[in-house]
Amino acid sequence: DTGVSQNPRHKITKRGQNVTFRCDPISEHNRLYWYRQTLGQGPEFLTYFQNEAQLEKSRLLSDRFSAERPKGSFSTLEIQRTEQGDSAMYLCASSSDREPYNEQFFGPGTRLTVL
Amino acid sequence: DQQVKQNSPSLSVQEGRISILNCDYTNSMFDYFLWYKKYPAEGPTFLISISSIKDKNEDGRFTVFLNKSAKHLSLHIVPSQPGDSAVYFCAATQDGQNFVFGPGTRLSVLP
């Protein structure tokens, strides 16, 4: 297994367009997380899946954001009607629910630039 | 309101000396704490963690200390190496689902 992968690595879009990012977690991991990171800040939690169920969403996640994890495998994060404030690095992480259950493995991220 | 704080944006240390990175938290419900290291153009990499039932955890050159009464933890790296130069994030969780990260401290280890 090569770890967590994210595609695309970079995305430039115009304000108002929709974008979709993909995350492929480590295959045996049943937990998947999405984070957003802006310059000078740590990752901010967006949402969390246990298998295919989305169990928690941050208040940061507006109605324009939606995430799915069909069949508990890969996940997609869609942002509709993008705004300049959405420009950030979007990180995906996965983990197992076995001990040490809290260790998350991060992907390299997708950098979104909204013009 | 930042629940996890890293008040030093940057730290420079001479190679071979000890690096001490600090982290403070406000939520007394946090029961698990982690340190991540991040190189440019990569995602964060897990380094070491500690449960709230312990006050120290050691892994090679890395030791994490937890002071629950002060709501403070620290990461000690000894001896520091140039390859340790990176941004270090402190993170905390109370349920294993929602992880709160600090803003990070950029460590520079000078040869």
# chains A, B, ... in the order shown; residues from 1 in each chain; ligands from 1
call {"tool": "select_by_dssp", "arguments": {"residues": "segment 27-85 of chain B", "states": "strand (DSSP E)", "output": "PyMOL selection string"}}
result
chain B and resi 32-38+45-51+56-59+62-67+72-77
call {"tool": "residues_around", "arguments": {"residues": "Val4 of chain B", "least_positions_apart": "4", "cutoff": "9 Å", "atoms": "only C-alpha atoms", "output": "list of chain:residue names"}}
result
B:Cys23, B:Asp24, B:Tyr25, B:Thr26, B:Asn27, B:Cys90, B:Ala91, B:Ala92, B:Val100, B:Phe101, B:Gly102, B:Pro103
call {"tool": "interface_residues", "arguments": {"of": "chain B", "to": "chain A", "cutoff": "7 Å", "atoms": "only C-alpha atoms", "output": "compact mmCIF listing (two decimals) with all heavy atoms, in the first residue's frame"}}
result
# COMPACT_ATOMS: atom_id res chain seq x y z
N ALA B 41 5.12 20.65 0.96
CA ALA B 41 4.52 19.87 -0.14
C ALA B 41 4.15 18.45 0.27
O ALA B 41 3.89 17.60 -0.60
CB ALA B 41 5.42 19.85 -1.36
N GLU B 42 4.13 18.17 1.55
CA GLU B 42 3.68 16.86 2.02
C GLU B 42 2.60 17.03 3.06
O GLU B 42 2.49 18.09 3.70
CB GLU B 42 4.84 16.08 2.64
CG GLU B 42 5.95 15.74 1.65
CD GLU B 42 7.05 14.94 2.31
OE1 GLU B 42 6.87 14.49 3.46
OE2 GLU B 42 8.10 14.77 1.66
N GLY B 43 1.81 15.98 3.27
CA GLY B 43 0.86 16.02 4.37
C GLY B 43 1.57 15.79 5.70
O GLY B 43 2.70 15.32 5.74
N PRO B 44 0.92 16.14 6.80
CA PRO B 44 1.52 15.89 8.11
C PRO B 44 1.79 14.40 8.34
O PRO B 44 1.05 13.54 7.85
CB PRO B 44 0.45 16.40 9.09
CG PRO B 44 -0.38 17.35 8.29
CD PRO B 44 -0.38 16.81 6.90
N THR B 45 2.85 14.12 9.06
CA THR B 45 3.24 12.74 9.39
C THR B 45 3.19 12.57 10.90
O THR B 45 3.76 13.37 11.64
CB THR B 45 4.66 12.44 8.89
OG1 THR B 45 4.71 12.66 7.48
CG2 THR B 45 5.05 10.99 9.18
N PHE B 46 2.52 11.51 11.34
CA PHE B 46 2.42 11.24 12.78
C PHE B 46 3.79 11.01 13.38
O PHE B 46 4.64 10.31 12.80
CB PHE B 46 1.53 10.01 13.00
CG PHE B 46 1.54 9.51 14.41
CD1 PHE B 46 0.81 10.18 15.39
CD2 PHE B 46 2.28 8.40 14.77
CE1 PHE B 46 0.81 9.72 16.69
CE2 PHE B 46 2.28 7.95 16.08
CZ PHE B 46 1.55 8.61 17.04
N PHE B 89 3.02 20.17 14.46
CA PHE B 89 1.65 20.45 14.90
C PHE B 89 1.32 19.59 16.12
O PHE B 89 1.57 18.39 16.13
CB PHE B 89 0.63 20.14 13.80
CG PHE B 89 0.74 21.03 12.60
CD1 PHE B 89 1.33 20.58 11.43
CD2 PHE B 89 0.24 22.33 12.64
CE1 PHE B 89 1.42 21.40 10.32
CE2 PHE B 89 0.33 23.16 11.53
CZ PHE B 89 0.92 22.69 10.38
N GLY B 96 -11.81 10.77 19.42
CA GLY B 96 -11.19 10.04 18.31
C GLY B 96 -11.81 10.33 16.97
O GLY B 96 -11.46 9.69 15.98
N GLN B 97 -12.75 11.29 16.93
CA GLN B 97 -13.39 11.63 15.67
C GLN B 97 -13.04 13.04 15.23
O GLN B 97 -12.65 13.27 14.09
CB GLN B 97 -14.91 11.49 15.80
CG GLN B 97 -15.35 10.07 16.15
CD GLN B 97 -16.86 9.95 16.23
OE1 GLN B 97 -17.59 10.82 15.81
NE2 GLN B 97 -17.33 8.84 16.77
N ASN B 98 -13.16 13.96 16.14
CA ASN B 98 -12.85 15.36 15.85
C ASN B 98 -11.49 15.70 16.45
O ASN B 98 -11.32 15.65 17.66
CB ASN B 98 -13.94 16.25 16.45
CG ASN B 98 -13.76 17.70 16.06
OD1 ASN B 98 -12.71 18.13 15.64
ND2 ASN B 98 -14.83 18.47 16.20
N PHE B 99 -10.54 15.99 15.59
CA PHE B 99 -9.19 16.32 16.04
C PHE B 99 -8.97 17.82 15.88
O PHE B 99 -9.26 18.39 14.83
CB PHE B 99 -8.15 15.56 15.22
CG PHE B 99 -8.12 14.10 15.52
CD1 PHE B 99 -9.08 13.24 15.01
CD2 PHE B 99 -7.12 13.57 16.31
CE1 PHE B 99 -9.05 11.89 15.28
CE2 PHE B 99 -7.08 12.22 16.59
CZ PHE B 99 -8.04 11.37 16.08
N VAL B 100 -8.47 18.45 16.92
CA VAL B 100 -8.20 19.88 16.89
C VAL B 100 -6.69 20.09 16.84
O VAL B 100 -5.97 19.58 17.71
CB VAL B 100 -8.79 20.57 18.12
CG1 VAL B 100 -8.55 22.08 18.04
CG2 VAL B 100 -10.29 20.29 18.23
N PHE B 101 -6.23 20.79 15.84
CA PHE B 101 -4.81 21.04 15.63
C PHE B 101 -4.44 22.45 16.07
O PHE B 101 -5.23 23.39 15.93
CB PHE B 101 -4.44 20.88 14.16
CG PHE B 101 -4.33 19.46 13.70
CD1 PHE B 101 -5.46 18.69 13.49
CD2 PHE B 101 -3.09 18.89 13.46
CE1 PHE B 101 -5.36 17.37 13.07
CE2 PHE B 101 -2.97 17.57 13.03
CZ PHE B 101 -4.11 16.81 12.84
N GLY B 102 -3.22 22.59 16.56
CA GLY B 102 -2.66 23.91 16.80
C GLY B 102 -2.14 24.50 15.51
O GLY B 102 -2.12 23.84 14.47
N PRO B 103 -1.70 25.77 15.54
CA PRO B 103 -1.25 26.46 14.33
C PRO B 103 0.14 26.04 13.86
O PRO B 103 0.54 26.38 12.75
CB PRO B 103 -1.27 27.93 14.73
CG PRO B 103 -1.07 27.90 16.21
CD PRO B 103 -1.75 26.66 16.70
N GLY B 104 0.87 25.30 14.69
CA GLY B 104 2.17 24.82 14.26
C GLY B 104 3.32 25.68 14.75
O GLY B 104 3.18 26.88 15.01
call {"tool": "atom_distance", "arguments": {"atom1": "atom CA of Asp84 of chain B", "atom2": "atom CA of Glu58 of chain B"}}
result
16.5 Å
call {"tool": "select_by_dssp", "arguments": {"residues": "chain A", "states": "helix (DSSP H, G or I)", "output": "PyMOL selection string"}}
result
chain A and resi 70-72+84-86
call {"tool": "write_last_selection", "arguments": {"atoms": "all heavy atoms", "output": "CSV table (one decimal), in the first residue's frame"}}
result
chain,number,residue,atom,x,y,z
A,70,PRO,N,-18.8,6.5,-0.8
A,70,PRO,CA,-19.6,5.3,-1.2
A,70,PRO,C,-18.8,4.0,-0.9
A,70,PRO,O,-17.6,3.9,-1.2
A,70,PRO,CB,-19.8,5.5,-2.7
A,70,PRO,CG,-18.7,6.5,-3.1
A,70,PRO,CD,-18.4,7.3,-1.9
A,71,LYS,N,-19.6,3.1,-0.4
A,71,LYS,CA,-19.0,1.7,-0.1
A,71,LYS,C,-17.8,1.7,0.9
A,71,LYS,O,-17.1,0.8,1.0
A,71,LYS,CB,-18.6,1.0,-1.4
A,71,LYS,CG,-19.7,0.9,-2.4
A,71,LYS,CD,-19.2,0.2,-3.7
A,71,LYS,CE,-20.4,0.1,-4.7
A,71,LYS,NZ,-19.9,-0.4,-6.0
A,72,GLY,N,-17.7,2.8,1.6
A,72,GLY,CA,-16.6,2.9,2.6
A,72,GLY,C,-15.2,2.8,2.0
A,72,GLY,O,-14.3,2.4,2.8
A,84,GLN,N,-13.6,32.9,-3.1
A,84,GLN,CA,-12.2,33.1,-2.9
A,84,GLN,C,-11.7,32.6,-1.6
A,84,GLN,O,-10.6,32.1,-1.4
A,84,GLN,CB,-11.8,34.6,-3.2
A,84,GLN,CG,-11.9,35.0,-4.7
A,84,GLN,CD,-11.4,36.4,-4.9
A,84,GLN,OE1,-11.7,37.3,-4.1
A,84,GLN,NE2,-10.7,36.6,-6.0
A,85,GLY,N,-12.6,32.7,-0.6
A,85,GLY,CA,-12.2,32.3,0.7
A,85,GLY,C,-12.1,30.7,0.9
A,85,GLY,O,-11.6,30.2,1.9
A,86,ASP,N,-12.5,30.0,-0.2
A,86,ASP,CA,-12.3,28.6,-0.2
A,86,ASP,C,-10.9,28.2,-0.5
A,86,ASP,O,-10.5,27.0,-0.4
A,86,ASP,CB,-13.3,27.9,-1.2
A,86,ASP,CG,-14.7,28.1,-0.8
A,86,ASP,OD1,-15.0,28.3,0.4
A,86,ASP,OD2,-15.6,28.2,-1.7
call {"tool": "residues_around", "arguments": {"residues": "Arg22 of chain A", "least_positions_apart": "5", "cutoff": "9 Å", "atoms": "only C-alpha atoms", "output": "ChimeraX atom specification"}}
result
/A:5-8,74-78,92,110
call {"tool": "write_last_selection", "arguments": {"atoms": "N, CA, C and O atoms", "output": "mmCIF file, in the first residue's frame"}}
result
data_model
loop_
_atom_site.group_PDB
_atom_site.id
_atom_site.type_symbol
_atom_site.label_atom_id
_atom_site.label_comp_id
_atom_site.auth_asym_id
_atom_site.auth_seq_id
_atom_site.Cartn_x
_atom_site.Cartn_y
_atom_site.Cartn_z
ATOM 1 N N SER A 5 -3.702 8.703 -0.946
ATOM 2 C CA SER A 5 -3.470 9.505 -2.143
ATOM 3 C C SER A 5 -4.629 10.471 -2.354
ATOM 4 O O SER A 5 -5.777 10.178 -1.970
ATOM 5 N N GLN A 6 -4.319 11.615 -2.931
ATOM 6 C CA GLN A 6 -5.331 12.640 -3.197
ATOM 7 C C GLN A 6 -5.141 13.163 -4.622
ATOM 8 O O GLN A 6 -4.014 13.370 -5.071
ATOM 9 N N ASN A 7 -6.273 13.381 -5.265
ATOM 10 C CA ASN A 7 -6.257 13.922 -6.625
ATOM 11 C C ASN A 7 -7.369 14.942 -6.815
ATOM 12 O O ASN A 7 -8.463 14.758 -6.277
ATOM 13 N N PRO A 8 -7.091 16.015 -7.552
ATOM 14 C CA PRO A 8 -5.774 16.385 -8.076
ATOM 15 C C PRO A 8 -4.884 16.957 -6.976
ATOM 16 O O PRO A 8 -5.356 17.184 -5.870
ATOM 17 N N PHE A 74 -13.042 4.977 -1.282
ATOM 18 C CA PHE A 74 -12.556 6.327 -1.540
ATOM 19 C C PHE A 74 -13.621 7.343 -1.112
ATOM 20 O O PHE A 74 -14.783 7.005 -0.865
ATOM 21 N N SER A 75 -13.191 8.594 -1.025
ATOM 22 C CA SER A 75 -14.116 9.660 -0.649
ATOM 23 C C SER A 75 -13.953 10.826 -1.616
ATOM 24 O O SER A 75 -12.880 11.031 -2.198
ATOM 25 N N THR A 76 -15.040 11.567 -1.789
ATOM 26 C CA THR A 76 -14.983 12.800 -2.579
ATOM 27 C C THR A 76 -15.471 13.954 -1.735
ATOM 28 O O THR A 76 -16.362 13.799 -0.885
ATOM 29 N N LEU A 77 -14.871 15.098 -1.968
ATOM 30 C CA LEU A 77 -15.283 16.350 -1.339
ATOM 31 C C LEU A 77 -15.616 17.320 -2.460
ATOM 32 O O LEU A 77 -14.777 17.612 -3.307
ATOM 33 N N GLU A 78 -16.859 17.779 -2.491
ATOM 34 C CA GLU A 78 -17.296 18.708 -3.528
ATOM 35 C C GLU A 78 -17.572 20.064 -2.919
ATOM 36 O O GLU A 78 -18.182 20.161 -1.845
ATOM 37 N N CYS A 92 -6.731 15.030 3.314
ATOM 38 C CA CYS A 92 -7.486 13.838 3.667
ATOM 39 C C CYS A 92 -6.596 12.969 4.552
ATOM 40 O O CYS A 92 -5.367 12.933 4.368
ATOM 41 N N THR A 110 -4.736 18.525 -1.586
ATOM 42 C CA THR A 110 -5.101 19.185 -2.837
ATOM 43 C C THR A 110 -5.118 20.681 -2.567
ATOM 44 O O THR A 110 -5.864 21.140 -1.691
#
call {"tool": "residues_around", "arguments": {"residues": "Ser74 of chain B", "least_positions_apart": "3", "cutoff": "10 Å", "atoms": "only C-alpha atoms", "output": "PyMOL selection string"}}
result
chain B and resi 6+19-24+35+56+63-67+77+90
